[in-house]
file work.json (JSON, C-alpha atoms)
[["chain", "number", "residue", "atom", "x", "y", "z"],
["A", 1, "MET", "CA", -11.74, -3.95, 13.88],
["A", 2, "LYS", "CA", -9.27, -4.43, 16.72],
["A", 3, "ILE", "CA", -7.37, -1.59, 18.41],
["A", 4, "THR", "CA", -3.81, -2.79, 18.82],
["A", 5, "ASN", "CA", -2.47, 0.32, 20.54],
["A", 6, "PRO", "CA", -4.92, 2.46, 22.57],
["A", 7, "GLN", "CA", -2.48, 5.37, 22.88],
["A", 8, "SER", "CA", -1.97, 5.84, 19.13],
["A", 9, "GLY", "CA", -5.30, 4.41, 18.02],
["A", 10, "THR", "CA", -3.54, 1.96, 15.68],
["A", 11, "SER", "CA", -6.04, -0.64, 14.50],
["A", 12, "LEU", "CA", -6.16, -3.95, 12.66],
["A", 13, "ALA", "CA", -8.99, -5.17, 10.41],
["A", 14, "GLU", "CA", -9.35, -8.05, 7.98],
["A", 15, "ILE", "CA", -10.52, -6.61, 4.64],
["A", 16, "GLY", "CA", -10.15, -9.83, 2.63],
["A", 17, "ASP", "CA", -9.30, -13.47, 3.15],
["A", 18, "ARG", "CA", -6.20, -13.23, 5.38],
["A", 19, "ILE", "CA", -5.55, -9.69, 4.17],
["A", 20, "TYR", "CA", -5.29, -7.22, 7.04],
["A", 21, "ARG", "CA", -5.31, -3.44, 7.06],
["A", 22, "ILE", "CA", -3.16, -1.78, 9.74],
["A", 23, "SER", "CA", -4.06, 1.87, 10.25],
["A", 24, "THR", "CA", -2.63, 4.61, 12.45],
["A", 25, "PRO", "CA", -4.50, 7.93, 12.70],
["A", 26, "VAL", "CA", -2.60, 11.19, 12.72],
["A", 27, "PRO", "CA", -4.14, 14.16, 14.57],
["A", 28, "PRO", "CA", -4.97, 17.44, 12.83],
["A", 29, "MET", "CA", -2.10, 19.63, 11.70],
["A", 30, "PRO", "CA", -1.93, 22.95, 9.79],
["A", 31, "ALA", "CA", -1.59, 21.26, 6.39],
["A", 32, "LEU", "CA", -4.25, 18.67, 7.21],
["A", 33, "PRO", "CA", -6.78, 20.21, 9.61],
["A", 34, "GLY", "CA", -8.93, 17.08, 9.56],
["A", 35, "GLY", "CA", -6.06, 14.74, 10.35],
["A", 36, "PHE", "CA", -4.73, 11.88, 8.26],
["A", 37, "SER", "CA", -4.08, 8.13, 8.34],
["A", 38, "PHE", "CA", -1.25, 5.81, 7.37],
["A", 39, "ASN", "CA", -2.16, 2.27, 6.32],
["A", 40, "GLN", "CA", -0.16, -0.89, 5.77],
["A", 41, "PHE", "CA", -1.45, -4.21, 4.45],
["A", 42, "LEU", "CA", -0.48, -7.68, 5.63],
["A", 43, "ILE", "CA", -1.09, -10.79, 3.52],
["A", 44, "VAL", "CA", -0.89, -13.87, 5.74],
["A", 45, "ASP", "CA", 0.24, -16.94, 3.80],
["A", 46, "ASP", "CA", 3.12, -19.41, 3.57],
["A", 47, "GLU", "CA", 5.34, -16.46, 2.72],
["A", 48, "PRO", "CA", 3.74, -13.43, 4.42],
["A", 49, "LEU", "CA", 3.93, -10.06, 2.68],
["A", 50, "LEU", "CA", 3.66, -6.55, 4.11],
["A", 51, "PHE", "CA", 2.73, -3.80, 1.65],
["A", 52, "HIS", "CA", 4.13, -0.50, 2.98],
["A", 53, "THR", "CA", 6.20, -0.50, 6.14],
["A", 54, "GLY", "CA", 5.02, 2.89, 7.37],
["A", 55, "PRO", "CA", 7.34, 5.72, 8.46],
["A", 56, "ARG", "CA", 10.33, 4.78, 10.62],
["A", 57, "ARG", "CA", 8.84, 6.30, 13.77],
["A", 58, "MET", "CA", 5.71, 4.17, 13.37],
["A", 59, "PHE", "CA", 7.69, 0.93, 13.31],
["A", 60, "PRO", "CA", 6.78, -0.12, 16.88],
["A", 61, "LEU", "CA", 3.07, 0.45, 16.18],
["A", 62, "VAL", "CA", 3.06, -1.49, 12.90],
["A", 63, "ARG", "CA", 5.09, -4.32, 14.40],
["A", 64, "GLU", "CA", 2.71, -4.52, 17.35],
["A", 65, "ALA", "CA", -0.27, -4.82, 15.00],
["A", 66, "ILE", "CA", 1.44, -7.54, 12.93],
["A", 67, "GLU", "CA", 2.18, -9.46, 16.11],
["A", 68, "ALA", "CA", -1.57, -9.65, 16.77],
["A", 69, "VAL", "CA", -1.76, -11.95, 13.72],
["A", 70, "ILE", "CA", 1.67, -13.53, 13.08],
["A", 71, "PRO", "CA", 5.20, -13.25, 14.48],
["A", 72, "THR", "CA", 6.94, -10.37, 12.72],
["A", 73, "GLY", "CA", 9.98, -12.57, 12.22],
["A", 74, "THR", "CA", 8.04, -14.74, 9.76],
["A", 75, "LEU", "CA", 7.63, -11.92, 7.21],
["A", 76, "ARG", "CA", 9.07, -12.88, 3.82],
["A", 77, "TYR", "CA", 8.42, -9.80, 1.65],
["A", 78, "LEU", "CA", 8.45, -6.09, 2.51],
["A", 79, "ALA", "CA", 6.80, -4.49, -0.50],
["A", 80, "PHE", "CA", 6.37, -0.84, -1.35],
["A", 81, "SER", "CA", 4.84, 1.11, -4.22],
["A", 82, "HIS", "CA", 7.60, 3.71, -4.56],
["A", 83, "PHE", "CA", 10.47, 5.04, -2.49],
["A", 84, "GLU", "CA", 9.05, 7.43, 0.09],
["A", 85, "ALA", "CA", 9.16, 7.55, 3.89],
["A", 86, "ASP", "CA", 5.60, 6.41, 4.50],
["A", 87, "GLU", "CA", 6.06, 3.58, 1.99],
["A", 88, "CYS", "CA", 9.32, 2.15, 3.28],
["A", 89, "GLY", "CA", 10.68, 4.34, 6.08],
["A", 90, "SER", "CA", 11.08, 1.43, 8.51],
["A", 91, "LEU", "CA", 12.32, -1.05, 5.90],
["A", 92, "ASN", "CA", 15.62, -1.70, 7.67],
["A", 93, "GLU", "CA", 13.94, -2.00, 11.06],
["A", 94, "PHE", "CA", 11.78, -4.81, 9.66],
["A", 95, "LEU", "CA", 14.75, -6.44, 7.93],
["A", 96, "ALA", "CA", 16.52, -6.50, 11.30],
["A", 97, "VAL", "CA", 13.72, -8.49, 12.99],
["A", 98, "ALA", "CA", 12.70, -10.67, 10.02],
["A", 99, "SER", "CA", 15.82, -12.56, 9.02],
["A", 100, "HIS", "CA", 14.33, -14.12, 5.87],
["A", 101, "ALA", "CA", 12.54, -11.00, 4.59],
["A", 102, "VAL", "CA", 13.58, -9.12, 1.46],
["A", 103, "PRO", "CA", 12.42, -5.77, 0.04],
["A", 104, "LEU", "CA", 9.99, -6.13, -2.87],
["A", 105, "CYS", "CA", 9.56, -3.31, -5.38],
["A", 106, "SER", "CA", 9.78, -2.35, -9.04],
["A", 107, "THR", "CA", 12.95, -3.01, -11.00],
["A", 108, "VAL", "CA", 13.43, 0.77, -11.17],
["A", 109, "ALA", "CA", 13.12, 1.18, -7.39],
["A", 110, "LYS", "CA", 15.61, -1.65, -6.89],
["A", 111, "MET", "CA", 18.07, 0.06, -9.24],
["A", 112, "VAL", "CA", 17.80, 3.67, -8.04],
["A", 113, "SER", "CA", 17.03, 3.37, -4.31],
["A", 114, "ALA", "CA", 16.36, 0.06, -2.61],
["A", 115, "ASP", "CA", 19.66, -1.74, -3.15],
["A", 116, "ASP", "CA", 21.56, 1.28, -1.84],
["A", 117, "VAL", "CA", 19.40, 2.05, 1.18],
["A", 118, "ALA", "CA", 18.16, -1.37, 2.28],
["A", 119, "ASP", "CA", 20.33, -3.65, 4.40],
["A", 120, "ARG", "CA", 19.36, -6.61, 2.19],
["A", 121, "GLU", "CA", 19.18, -6.85, -1.60],
["A", 122, "ALA", "CA", 15.72, -6.17, -3.01],
["A", 123, "LEU", "CA", 13.65, -8.37, -5.28],
["A", 124, "GLY", "CA", 12.69, -6.17, -8.21],
["A", 125, "LEU", "CA", 9.64, -7.30, -10.17],
["A", 126, "GLY", "CA", 8.97, -6.37, -13.76],
["A", 127, "ASP", "CA", 5.62, -5.27, -15.14],
["A", 128, "GLY", "CA", 3.21, -8.22, -15.07],
["A", 129, "GLU", "CA", 5.57, -10.48, -13.12],
["A", 130, "GLN", "CA", 3.84, -12.79, -10.66],
["A", 131, "LEU", "CA", 4.89, -14.03, -7.24],
["A", 132, "SER", "CA", 3.23, -16.88, -5.32],
["A", 133, "LEU", "CA", 2.91, -16.46, -1.56],
["A", 134, "GLY", "CA", 1.16, -19.81, -1.12],
["A", 135, "GLU", "CA", -2.58, -19.57, -1.66],
["A", 136, "HIS", "CA", -2.28, -15.91, -2.66],
["A", 137, "THR", "CA", -0.56, -14.79, -5.85],
["A", 138, "VAL", "CA", 0.43, -11.17, -6.45],
["A", 139, "THR", "CA", 1.19, -9.48, -9.77],
["A", 140, "TRP", "CA", 3.38, -6.39, -10.01],
["A", 141, "ILE", "CA", 1.99, -3.58, -12.20],
["A", 142, "ASP", "CA", 4.32, -0.77, -13.26],
["A", 143, "THR", "CA", 2.69, 2.68, -13.04],
["A", 144, "PRO", "CA", 5.52, 5.24, -13.37],
["A", 145, "HIS", "CA", 4.49, 8.70, -12.14],
["A", 146, "LEU", "CA", 0.99, 7.51, -11.11],
["A", 147, "PRO", "CA", 0.43, 9.40, -8.97],
["A", 148, "HIS", "CA", 4.15, 10.18, -8.54],
["A", 149, "GLY", "CA", 7.55, 8.56, -8.61],
["A", 150, "TRP", "CA", 9.38, 7.11, -11.60],
["A", 151, "ASP", "CA", 9.64, 3.83, -9.68],
["A", 152, "CYS", "CA", 5.93, 3.61, -8.81],
["A", 153, "GLY", "CA", 3.90, 0.44, -9.16],
["A", 154, "TYR", "CA", 1.21, -1.61, -7.45],
["A", 155, "LEU", "CA", 0.39, -5.18, -6.49],
["A", 156, "PHE", "CA", -2.75, -7.06, -7.52],
["A", 157, "GLU", "CA", -3.75, -10.16, -5.56],
["A", 158, "GLN", "CA", -5.59, -12.50, -7.88],
["A", 159, "ARG", "CA", -7.63, -14.78, -5.61],
["A", 160, "THR", "CA", -9.25, -11.93, -3.68],
["A", 161, "SER", "CA", -9.17, -9.42, -6.56],
["A", 162, "THR", "CA", -7.47, -6.90, -4.28],
["A", 163, "LEU", "CA", -5.50, -4.02, -5.79],
["A", 164, "PHE", "CA", -2.97, -2.54, -3.37],
["A", 165, "CYS", "CA", -3.22, 0.90, -4.92],
["A", 166, "GLY", "CA", -0.92, 2.99, -2.73],
["A", 167, "ASP", "CA", -1.57, 6.72, -2.90],
["A", 168, "LEU", "CA", -4.46, 6.46, -5.37],
["A", 169, "PHE", "CA", -7.76, 7.56, -3.79],
["A", 170, "THR", "CA", -5.98, 9.22, -0.87],
["A", 171, "GLN", "CA", -8.65, 10.40, 1.56],
["A", 172, "PRO", "CA", -8.20, 12.94, 4.35],
["A", 173, "GLY", "CA", -9.30, 12.44, 7.94],
["A", 174, "ALA", "CA", -7.85, 10.64, 10.95],
["A", 175, "GLU", "CA", -10.79, 8.31, 11.52],
["A", 176, "ASN", "CA", -11.83, 6.14, 8.59],
["A", 177, "GLU", "CA", -13.73, 2.86, 8.46],
["A", 178, "PRO", "CA", -11.47, -0.03, 7.39],
["A", 179, "LEU", "CA", -13.63, -1.00, 4.39],
["A", 180, "VAL", "CA", -16.45, 0.97, 2.77],
["A", 181, "GLU", "CA", -18.67, 0.74, -0.29],
["A", 182, "GLY", "CA", -19.63, 4.42, -0.48],
["A", 183, "ASP", "CA", -17.99, 7.34, -2.25],
["A", 184, "ILE", "CA", -14.21, 7.67, -1.87],
["A", 185, "LEU", "CA", -13.60, 9.46, -5.16],
["A", 186, "GLY", "CA", -15.26, 12.67, -3.94],
["A", 187, "PRO", "CA", -13.15, 12.95, -0.76],
["A", 188, "SER", "CA", -9.99, 11.96, -2.61],
["A", 189, "GLU", "CA", -10.56, 14.55, -5.33],
["A", 190, "ALA", "CA", -11.19, 17.19, -2.65],
["A", 191, "MET", "CA", -7.87, 16.22, -1.13],
["A", 192, "ARG", "CA", -6.14, 16.46, -4.51],
["A", 193, "GLU", "CA", -7.67, 19.87, -5.17],
["A", 194, "ALA", "CA", -6.26, 21.19, -1.91],
["A", 195, "MET", "CA", -2.89, 19.47, -2.23],
["A", 196, "ASP", "CA", -2.25, 18.06, -5.68],
["A", 197, "TYR", "CA", 0.20, 15.18, -5.37],
["A", 198, "PHE", "CA", -0.27, 13.84, -8.92],
["A", 199, "ALA", "CA", 2.52, 14.08, -11.51],
["A", 200, "HIS", "CA", -0.06, 14.30, -14.35],
["A", 201, "ALA", "CA", 2.08, 12.26, -16.73],
["A", 202, "LYS", "CA", 1.20, 11.99, -20.41],
["A", 203, "ASN", "CA", 0.12, 8.35, -20.13],
["A", 204, "THR", "CA", -1.97, 8.61, -16.97],
["A", 205, "ASP", "CA", -5.14, 7.50, -18.79],
["A", 206, "GLU", "CA", -3.32, 4.48, -20.21],
["A", 207, "LEU", "CA", -1.98, 3.44, -16.82],
["A", 208, "LEU", "CA", -5.35, 3.80, -15.11],
["A", 209, "ALA", "CA", -6.91, 1.72, -17.90],
["A", 210, "LYS", "CA", -4.27, -0.96, -17.26],
["A", 211, "LEU", "CA", -5.20, -1.01, -13.57],
["A", 212, "ALA", "CA", -8.93, -1.04, -14.38],
["A", 213, "ALA", "CA", -8.40, -4.08, -16.62],
["A", 214, "THR", "CA", -7.54, -6.15, -13.54],
["A", 215, "GLU", "CA", -11.19, -5.67, -12.46],
["A", 216, "PRO", "CA", -10.40, -5.30, -8.76],
["A", 217, "GLY", "CA", -13.16, -5.92, -6.25],
["A", 218, "THR", "CA", -11.24, -4.29, -3.39],
["A", 219, "LEU", "CA", -9.01, -1.22, -3.44],
["A", 220, "ALA", "CA", -6.53, -1.21, -0.57],
["A", 221, "CYS", "CA", -5.75, 2.49, -0.12],
["A", 222, "MET", "CA", -2.72, 3.75, 1.76],
["A", 223, "HIS", "CA", -4.55, 6.73, 3.24],
["A", 224, "GLY", "CA", -8.20, 6.54, 4.29],
["A", 225, "SER", "CA", -10.66, 3.68, 3.93],
["A", 226, "SER", "CA", -10.25, 0.67, 1.69],
["A", 227, "TRP", "CA", -13.09, 0.26, -0.77],
["A", 228, "ARG", "CA", -15.19, -2.63, -2.07],
["A", 229, "GLY", "CA", -17.12, -2.60, -5.34],
["A", 230, "ASN", "CA", -16.51, -2.30, -9.08],
["A", 231, "GLY", "CA", -12.91, -1.14, -8.93],
["A", 232, "GLY", "CA", -12.50, -0.97, -12.69],
["A", 233, "GLN", "CA", -15.38, 1.46, -12.92],
["A", 234, "LEU", "CA", -14.02, 3.60, -10.10],
["A", 235, "LEU", "CA", -10.55, 3.73, -11.68],
["A", 236, "SER", "CA", -12.14, 4.85, -14.93],
["A", 237, "ALA", "CA", -14.02, 7.55, -13.01],
["A", 238, "LEU", "CA", -10.71, 8.71, -11.55],
["A", 239, "ALA", "CA", -9.27, 8.93, -15.07],
["A", 240, "ALA", "CA", -12.21, 11.08, -16.12],
["A", 241, "ALA", "CA", -11.76, 13.36, -13.10],
["A", 242, "LEU", "CA", -8.07, 13.81, -13.83],
["A", 243, "ALA", "CA", -8.83, 14.64, -17.46]]
call {"tool": "encode", "arguments": {"input": "work.json", "output": "structure tokens"}}
result
Amino acid sequence: MKITNPQSGTSLAEIGDRIYRISTPVPPMPALPGGFSFNQFLIVDDEPLLFHTGPRRMFPLVREAIEAVIPTGTLRYLAFSHFEADECGSLNEFLAVASHAVPLCSTVAKMVSADDVADREALGLGDGEQLSLGEHTVTWIDTPHLPHGWDCGYLFEQRTSTLFCGDLFTQPGAENEPLVEGDILGPSEAMREAMDYFAHAKNTDELLAKLAATEPGTLACMHGSSWRGNGGQLLSALAAALA
């Protein structure tokens, strides 16, 4: 793990082959007495992809971390799970410095938010649609209202079996290891019990089963540590906990 900004504690760690986790800790606050973390994920390839931009005010920190690996101007895709500040708050800031980059999201997000807010037209992917970045190939998976947002969805990278799972398995705490193999379901369920951010849609079990079927070996979580292991089994355990 490399600290890219000593003042903020923003760090960079490779969690898969040319897949980097950028993480910025947030100090304790009344709603989150243990602190929190915001993570973005960079896939370095012929057409580099950033999953989550981070909030607008974190743009300089995220850009600085990217620059430790590649020039920010070479970014091709700025992907996000659903329209929310921590997912895409600095989208236009990145579009301004990466002249060939386009927003990447679900077809619903493109229709209801991205094409209005973003300074460049978004690429909306349908459920199961694939996109080659070079050696990496990502598949978009629609997951409306899981955990929230009609436009919600995730990316699965085939070669590394990495599921970029957004707000699923959100863990509290400002300091988290980049990649762990221990329990993340327990901390994430404790977080949900204190602050339930799930929509609890009727087809939640079905959507989690669809994600589990990808058999991910790595779960790239937006808040807290990423996780390595039998991802299908862990997603099924999450379904059971929600039930």
call {"tool": "closest_residue", "arguments": {"input": "work.json", "among": "A:Asn230, A:Thr74, A:Asn176, A:Thr53", "to": "A:Leu104", "atoms": "all atoms listed in the file"}}
result
A:Thr53
call {"tool": "residues_around", "arguments": {"input": "work.json", "residues": "A:His136", "least_positions_apart": "4", "cutoff": "9 Å", "atoms": "only C-alpha atoms", "output": "compact mmCIF listing (two decimals) with C-alpha atoms, keeping the file's coordinate frame"}}
result
# COMPACT_ATOMS: atom_id res chain seq x y z
CA ILE A 43 -1.09 -10.79 3.52
CA VAL A 44 -0.89 -13.87 5.74
CA ASP A 45 0.24 -16.94 3.80
CA ASP A 46 3.12 -19.41 3.57
CA LEU A 131 4.89 -14.03 -7.24
CA SER A 132 3.23 -16.88 -5.32
CA GLU A 157 -3.75 -10.16 -5.56
CA GLN A 158 -5.59 -12.50 -7.88
CA ARG A 159 -7.63 -14.78 -5.61
CA THR A 160 -9.25 -11.93 -3.68
call {"tool": "residues_around", "arguments": {"input": "work.json", "residues": "A:Gly35", "least_positions_apart": "5", "cutoff": "8 Å", "atoms": "all atoms listed in the file", "output": "list in words"}}
result
Pro25, Val26, Pro27, Pro28, Met29, Pro172, Gly173 and Ala174 of chain A
call {"tool": "residues_around", "arguments": {"input": "work.json", "residues": "A:Leu155", "least_positions_apart": "2", "cutoff": "12 Å", "atoms": "all atoms listed in the file", "output": "VMD selection string"}}
result
chain A and resid 41 43 49 to 52 79 to 82 104 to 106 125 to 131 136 to 143 152 to 153 157 to 158 161 to 166 211 214 216 219 to 221
call {"tool": "residues_around", "arguments": {"input": "work.json", "residues": "stretch 3-15 of chain A", "least_positions_apart": "6", "cutoff": "6 Å", "atoms": "only C-alpha atoms", "output": "tab-separated table (two decimals) with C-alpha atoms, keeping the file's coordinate frame"}}
result
chain	number	residue	atom	x	y	z
A	21	ARG	CA	-5.31	-3.44	7.06
A	22	ILE	CA	-3.16	-1.78	9.74
A	23	SER	CA	-4.06	1.87	10.25
A	24	THR	CA	-2.63	4.61	12.45
A	65	ALA	CA	-0.27	-4.82	15.00
call {"tool": "closest_residue", "arguments": {"input": "work.json", "among": "A:Ala237, A:Met111, A:Val180, A:Leu91", "to": "A:Leu78", "atoms": "all atoms listed in the file"}}
result
A:Leu91
call {"tool": "closest_residue", "arguments": {"input": "work.json", "among": "A:Phe36, A:Tyr197, A:Phe59, A:Phe94", "to": "A:Met222", "atoms": "all atoms listed in the file"}}
result
A:Phe36
call {"tool": "atom_distance", "arguments": {"input": "work.json", "atom1": "atom CA of A:Ser188", "atom2": "atom CA of A:Leu168"}}
result
8.3 Å
call {"tool": "atom_distance", "arguments": {"input": "work.json", "atom1": "atom CA of A:Gly232", "atom2": "atom CA of A:Glu215"}}
result
4.9 Å
call {"tool": "decode", "arguments": {"input": "work.json", "residues": "stretch 88-118 of chain A", "atoms": "N, CA and C atoms", "output": "short mmCIF file (atom, residue, chain, number, x, y, z; two decimals), in the first residue's frame"}}
result
data_model
loop_
_atom_site.label_atom_id
_atom_site.label_comp_id
_atom_site.auth_asym_id
_atom_site.auth_seq_id
_atom_site.Cartn_x
_atom_site.Cartn_y
_atom_site.Cartn_z
N CYS A 88 -20.27 9.57 -8.21
CA CYS A 88 -19.93 10.33 -9.42
C CYS A 88 -19.90 11.84 -9.19
N GLY A 89 -19.63 12.26 -7.96
CA GLY A 89 -19.66 13.68 -7.63
C GLY A 89 -18.66 14.52 -8.40
N SER A 90 -17.51 13.94 -8.75
CA SER A 90 -16.49 14.70 -9.49
C SER A 90 -16.42 14.26 -10.95
N LEU A 91 -17.53 13.77 -11.47
CA LEU A 91 -17.57 13.29 -12.86
C LEU A 91 -17.13 14.38 -13.83
N ASN A 92 -17.69 15.57 -13.72
CA ASN A 92 -17.34 16.62 -14.66
C ASN A 92 -15.91 17.13 -14.49
N GLU A 93 -15.40 17.08 -13.27
CA GLU A 93 -14.00 17.45 -13.06
C GLU A 93 -13.07 16.50 -13.81
N PHE A 94 -13.40 15.20 -13.78
CA PHE A 94 -12.59 14.23 -14.51
C PHE A 94 -12.76 14.38 -16.02
N LEU A 95 -13.99 14.65 -16.47
CA LEU A 95 -14.22 14.86 -17.89
C LEU A 95 -13.41 16.05 -18.41
N ALA A 96 -13.22 17.04 -17.55
CA ALA A 96 -12.49 18.24 -17.96
C ALA A 96 -11.01 17.97 -18.17
N VAL A 97 -10.44 17.00 -17.46
CA VAL A 97 -9.00 16.73 -17.57
C VAL A 97 -8.70 15.49 -18.40
N ALA A 98 -9.73 14.71 -18.74
CA ALA A 98 -9.55 13.52 -19.57
C ALA A 98 -10.42 13.68 -20.82
N SER A 99 -9.81 14.19 -21.88
CA SER A 99 -10.58 14.64 -23.03
C SER A 99 -11.26 13.51 -23.80
N HIS A 100 -10.79 12.27 -23.63
CA HIS A 100 -11.40 11.15 -24.35
C HIS A 100 -12.29 10.29 -23.45
N ALA A 101 -12.47 10.70 -22.21
CA ALA A 101 -13.25 9.90 -21.25
C ALA A 101 -14.74 10.13 -21.45
N VAL A 102 -15.52 9.09 -21.16
CA VAL A 102 -16.99 9.20 -21.18
C VAL A 102 -17.54 8.56 -19.92
N PRO A 103 -18.67 9.06 -19.41
CA PRO A 103 -19.33 8.39 -18.29
C PRO A 103 -19.81 7.00 -18.73
N LEU A 104 -19.76 6.05 -17.81
CA LEU A 104 -20.22 4.69 -18.06
C LEU A 104 -21.16 4.28 -16.94
N CYS A 105 -22.38 3.86 -17.30
CA CYS A 105 -23.38 3.57 -16.28
C CYS A 105 -24.47 2.69 -16.89
N SER A 106 -25.52 2.46 -16.14
CA SER A 106 -26.65 1.69 -16.65
C SER A 106 -27.42 2.53 -17.66
N THR A 107 -28.24 1.86 -18.48
CA THR A 107 -29.08 2.59 -19.43
C THR A 107 -30.08 3.49 -18.70
N VAL A 108 -30.50 3.05 -17.51
CA VAL A 108 -31.43 3.87 -16.72
C VAL A 108 -30.74 5.13 -16.22
N ALA A 109 -29.52 4.97 -15.69
CA ALA A 109 -28.78 6.14 -15.19
C ALA A 109 -28.50 7.12 -16.31
N LYS A 110 -28.17 6.61 -17.48
CA LYS A 110 -27.95 7.48 -18.64
C LYS A 110 -29.20 8.30 -18.94
N MET A 111 -30.36 7.63 -18.89
CA MET A 111 -31.62 8.27 -19.25
C MET A 111 -32.06 9.30 -18.22
N VAL A 112 -31.96 8.96 -16.92
CA VAL A 112 -32.58 9.82 -15.90
C VAL A 112 -31.63 10.82 -15.28
N SER A 113 -30.30 10.62 -15.40
CA SER A 113 -29.38 11.51 -14.70
C SER A 113 -28.16 11.91 -15.51
N ALA A 114 -27.42 10.92 -15.98
CA ALA A 114 -26.08 11.19 -16.51
C ALA A 114 -26.07 12.14 -17.69
N ASP A 115 -26.95 11.92 -18.66
CA ASP A 115 -26.90 12.76 -19.86
C ASP A 115 -27.35 14.19 -19.59
N ASP A 116 -28.01 14.42 -18.48
CA ASP A 116 -28.38 15.79 -18.11
C ASP A 116 -27.27 16.47 -17.32
N VAL A 117 -26.65 15.74 -16.41
CA VAL A 117 -25.68 16.33 -15.50
C VAL A 117 -24.27 16.36 -16.08
N ALA A 118 -23.89 15.29 -16.77
CA ALA A 118 -22.51 15.18 -17.25
C ALA A 118 -22.26 16.10 -18.45
#
